[in-house]
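Student: Attaching a single structure in structure tokens format; questions to follow.
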Amino acid sequence: MSEYGPDQAAADLADKEAELRRKLARLTAPVEEGSTIGFGKRIGDGTTQAIQQMEDAGSAQIVAGTLDEVLRAQERLAAGTWGTCEVCGEPIDPGRLEVRPWSARCVEHADVVL
Ligand SMILES: [Zn+2]
């Protein structure tokens, strides 16, 4: 067993990027013509649809935010700074990187606002 390293991270980040782009495409896709939307007979169907669209918009923002983190992590990989905290420069715990290869900070500085 070796520690989680840049090679593994590069593969994981590429997978995550593809997954996030798929999700984002689905969340931001226009409503399909001919679906049940607009044809509901009950009052409230439109409201349900509107709420769903608001939720999708919120999810899309979160997905876009994570995608941004993934892309920045790929830049750090290329620059050779991946795996170190952007606040203190100390190595980030490999266990943390394995769960979130796009982590840019150590546990101690995870919530620091720059
Ligand atoms: Zn730190």
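By convention in this document, the chains of the structure tokens carry letters A, B, ... by their order, each chain's residues are numbered from 1, and ligands are numbered from 1 in the order they are shown.
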Pick out the residues sitting within 9 Å of Val70 (chain A), and hand them over as JSON, numbers by chain; count only C-alpha atoms, and ignore anything fewer than 3 positions along from it in its own chain.
Tutor: {"A": [13, 14, 16, 17, 65, 66, 67, 73, 74, 75, 101, 102, 103]}
Student: May I have the residues from that selection written out with all heavy atoms, as an mmCIF file, in the first residue's frame?
Tutor:
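Produced file again07.cif, reproduced below:
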```
data_model
loop_
_atom_site.group_PDB
_atom_site.id
_atom_site.type_symbol
_atom_site.label_atom_id
_atom_site.label_comp_id
_atom_site.auth_asym_id
_atom_site.auth_seq_id
_atom_site.Cartn_x
_atom_site.Cartn_y
_atom_site.Cartn_z
ATOM 1 N N LEU A 13 -9.135 12.973 -10.270
ATOM 2 C CA LEU A 13 -9.618 14.317 -10.620
ATOM 3 C C LEU A 13 -10.232 14.327 -12.012
ATOM 4 O O LEU A 13 -11.240 14.994 -12.254
ATOM 5 C CB LEU A 13 -8.482 15.342 -10.529
ATOM 6 C CG LEU A 13 -8.052 15.721 -9.098
ATOM 7 C CD1 LEU A 13 -6.740 16.491 -9.111
ATOM 8 C CD2 LEU A 13 -9.132 16.531 -8.399
ATOM 9 N N ALA A 14 -9.649 13.567 -12.925
ATOM 10 C CA ALA A 14 -10.192 13.482 -14.279
ATOM 11 C C ALA A 14 -11.578 12.831 -14.248
ATOM 12 O O ALA A 14 -12.515 13.290 -14.915
ATOM 13 C CB ALA A 14 -9.250 12.688 -15.178
ATOM 14 N N LYS A 16 -13.615 12.774 -11.664
ATOM 15 C CA LYS A 16 -14.525 13.694 -10.970
ATOM 16 C C LYS A 16 -14.935 14.825 -11.907
ATOM 17 O O LYS A 16 -16.105 15.227 -11.918
ATOM 18 C CB LYS A 16 -13.818 14.264 -9.730
ATOM 19 C CG LYS A 16 -14.727 15.041 -8.814
ATOM 20 C CD LYS A 16 -15.679 14.114 -8.073
ATOM 21 C CE LYS A 16 -16.665 14.908 -7.243
ATOM 22 N NZ LYS A 16 -17.649 14.030 -6.590
ATOM 23 N N GLU A 17 -13.990 15.307 -12.678
ATOM 24 C CA GLU A 17 -14.299 16.395 -13.612
ATOM 25 C C GLU A 17 -15.373 15.945 -14.611
ATOM 26 O O GLU A 17 -16.340 16.658 -14.862
ATOM 27 C CB GLU A 17 -13.031 16.822 -14.358
ATOM 28 C CG GLU A 17 -13.286 18.004 -15.281
ATOM 29 C CD GLU A 17 -12.150 18.255 -16.258
ATOM 30 O OE1 GLU A 17 -11.068 17.665 -16.095
ATOM 31 O OE2 GLU A 17 -12.369 19.038 -17.203
ATOM 32 N N GLY A 65 -19.254 24.956 -8.440
ATOM 33 C CA GLY A 65 -18.240 25.329 -7.450
ATOM 34 C C GLY A 65 -17.230 24.218 -7.236
ATOM 35 O O GLY A 65 -16.021 24.461 -7.167
ATOM 36 N N THR A 66 -17.735 22.982 -7.128
ATOM 37 C CA THR A 66 -16.848 21.839 -6.939
ATOM 38 C C THR A 66 -15.993 21.628 -8.187
ATOM 39 O O THR A 66 -14.801 21.345 -8.090
ATOM 40 C CB THR A 66 -17.660 20.557 -6.645
ATOM 41 O OG1 THR A 66 -18.548 20.816 -5.561
ATOM 42 C CG2 THR A 66 -16.742 19.399 -6.279
ATOM 43 N N LEU A 67 -16.607 21.788 -9.358
ATOM 44 C CA LEU A 67 -15.873 21.638 -10.613
ATOM 45 C C LEU A 67 -14.710 22.632 -10.654
ATOM 46 O O LEU A 67 -13.602 22.298 -11.066
ATOM 47 C CB LEU A 67 -16.816 21.858 -11.803
ATOM 48 C CG LEU A 67 -16.178 21.773 -13.194
ATOM 49 C CD1 LEU A 67 -15.553 20.402 -13.435
ATOM 50 C CD2 LEU A 67 -17.218 22.059 -14.279
ATOM 51 N N ALA A 73 -7.332 22.160 -8.658
ATOM 52 C CA ALA A 73 -6.469 21.091 -8.152
ATOM 53 C C ALA A 73 -5.617 20.529 -9.289
ATOM 54 O O ALA A 73 -4.444 20.191 -9.103
ATOM 55 C CB ALA A 73 -7.308 19.980 -7.524
ATOM 56 N N GLN A 74 -6.206 20.443 -10.483
ATOM 57 C CA GLN A 74 -5.450 19.960 -11.642
ATOM 58 C C GLN A 74 -4.327 20.945 -11.994
ATOM 59 O O GLN A 74 -3.238 20.535 -12.390
ATOM 60 C CB GLN A 74 -6.389 19.755 -12.835
ATOM 61 C CG GLN A 74 -7.291 18.535 -12.643
ATOM 62 C CD GLN A 74 -8.346 18.401 -13.718
ATOM 63 O OE1 GLN A 74 -8.798 19.389 -14.285
ATOM 64 N NE2 GLN A 74 -8.759 17.174 -13.992
ATOM 65 N N GLU A 75 -4.597 22.235 -11.819
ATOM 66 C CA GLU A 75 -3.556 23.246 -12.052
ATOM 67 C C GLU A 75 -2.426 23.086 -11.041
ATOM 68 O O GLU A 75 -1.254 23.196 -11.388
ATOM 69 C CB GLU A 75 -4.143 24.661 -11.933
ATOM 70 C CG GLU A 75 -4.932 25.088 -13.161
ATOM 71 C CD GLU A 75 -5.637 26.424 -12.939
ATOM 72 O OE1 GLU A 75 -5.261 27.166 -12.011
ATOM 73 O OE2 GLU A 75 -6.576 26.720 -13.701
ATOM 74 N N PRO A 101 -9.549 14.672 -3.460
ATOM 75 C CA PRO A 101 -8.251 14.990 -4.098
ATOM 76 C C PRO A 101 -8.124 16.464 -4.464
ATOM 77 O O PRO A 101 -7.026 16.934 -4.743
ATOM 78 C CB PRO A 101 -8.240 14.119 -5.352
ATOM 79 C CG PRO A 101 -9.302 13.096 -5.159
ATOM 80 C CD PRO A 101 -10.315 13.695 -4.232
ATOM 81 N N TRP A 102 -9.265 17.168 -4.466
ATOM 82 C CA TRP A 102 -9.223 18.581 -4.818
ATOM 83 C C TRP A 102 -9.061 19.471 -3.586
ATOM 84 O O TRP A 102 -9.154 20.693 -3.676
ATOM 85 C CB TRP A 102 -10.463 18.984 -5.618
ATOM 86 C CG TRP A 102 -11.765 18.656 -4.924
ATOM 87 C CD1 TRP A 102 -12.472 19.479 -4.112
ATOM 88 C CD2 TRP A 102 -12.496 17.434 -4.992
ATOM 89 N NE1 TRP A 102 -13.605 18.832 -3.661
ATOM 90 C CE2 TRP A 102 -13.645 17.573 -4.194
ATOM 91 C CE3 TRP A 102 -12.275 16.211 -5.663
ATOM 92 C CZ2 TRP A 102 -14.574 16.534 -4.036
ATOM 93 C CZ3 TRP A 102 -13.193 15.191 -5.495
ATOM 94 C CH2 TRP A 102 -14.326 15.368 -4.695
ATOM 95 N N SER A 103 -8.826 18.849 -2.407
ATOM 96 C CA SER A 103 -8.605 19.636 -1.198
ATOM 97 C C SER A 103 -7.412 20.569 -1.403
ATOM 98 O O SER A 103 -6.357 20.147 -1.867
ATOM 99 C CB SER A 103 -8.309 18.723 0.000
ATOM 100 O OG SER A 103 -9.418 17.923 0.296
#
```
Student: Once you count only C-alpha atoms and all ligand atoms, which residues end up within 10 Å of ligand 1, and could you hand them over as a list of chain:residue names?
Tutor: A:Thr84, A:Cys85, A:Glu86, A:Val87, A:Cys88, A:Gly89, A:Glu90, A:Pro91, A:Ile92, A:Ala104, A:Arg105, A:Cys106, A:Val107, A:Glu108, A:His109, A:Ala110, A:Asp111, A:Val112
Student: To one decimal in Å, tell me the separation between CA of Val63 (chain A) and CA of Asp12 (chain A).
Tutor: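 Distance reported for this atom pair: 16.4 Å.
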Student: Measure the distance from CA of Thr28 (chain A) to CA of Ala57 (chain A) in Å and round it to one decimal.
Tutor: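 Computing it gives 7.4 Å between the two atoms.
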Student: So, with only C-alpha atoms as the atoms that count, which of A:Ala9, A:Ile62, A:Gly80, A:Asp56 lies closest to Pro30 (chain A)?
Tutor: A:Asp56
Student: Grab the CA of Glu55 (chain A) to CA of Val113 (chain A) distance for me, in Å with one decimal place.
Tutor: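 We find that CA of Glu55 (chain A) and CA of Val113 (chain A) lie 26.5 Å from each other.
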Student: List the spatial neighbours of Ala64 (chain A) as an MDAnalysis selection string - criterion: any atom at most 9 Å away, only C-alpha atoms, same-chain residues fewer than 5 positions off excluded.
Tutor: chainID A and resid 20:21 24 59 69
Student: Mind dumping the selected residues with C-alpha atoms as a PDB file, in the first residue's frame?
Tutor:
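File produced: out-v3.pdb:
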```pdb
ATOM      1  CA  LEU A  20     -19.343  16.964 -12.527  1.00  0.00           C
ATOM      2  CA  ARG A  21     -19.581  18.112 -16.149  1.00  0.00           C
ATOM      3  CA  LEU A  24     -23.931  20.189 -14.661  1.00  0.00           C
ATOM      4  CA  SER A  59     -27.483  22.286  -7.224  1.00  0.00           C
ATOM      5  CA  GLU A  69     -12.092  23.318  -7.180  1.00  0.00           C
TER       6      GLU A  69
END
```
Student: Have a look at A:Val31, A:Lys23, A:Val99, A:Ala11 and name the one nearest to Gln61 (chain A); count only C-alpha atoms.
Tutor: A:Lys23
Student: Hey, which of A:Trp82, A:Gly46, A:Ala60, A:Ala18 ends up closest to Pro94 (chain A)? Count only C-alpha atoms.
Tutor: A:Trp82
Student: Kindly indicate which residue among A:Gly58, A:Arg76, A:Arg96, A:Gly83 lies nearest to Gly5 (chain A), using only C-alpha atoms for the distances.
Tutor: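 Counting only C-alpha atoms, the residue closest to Gly5 (chain A) is A:Gly83.
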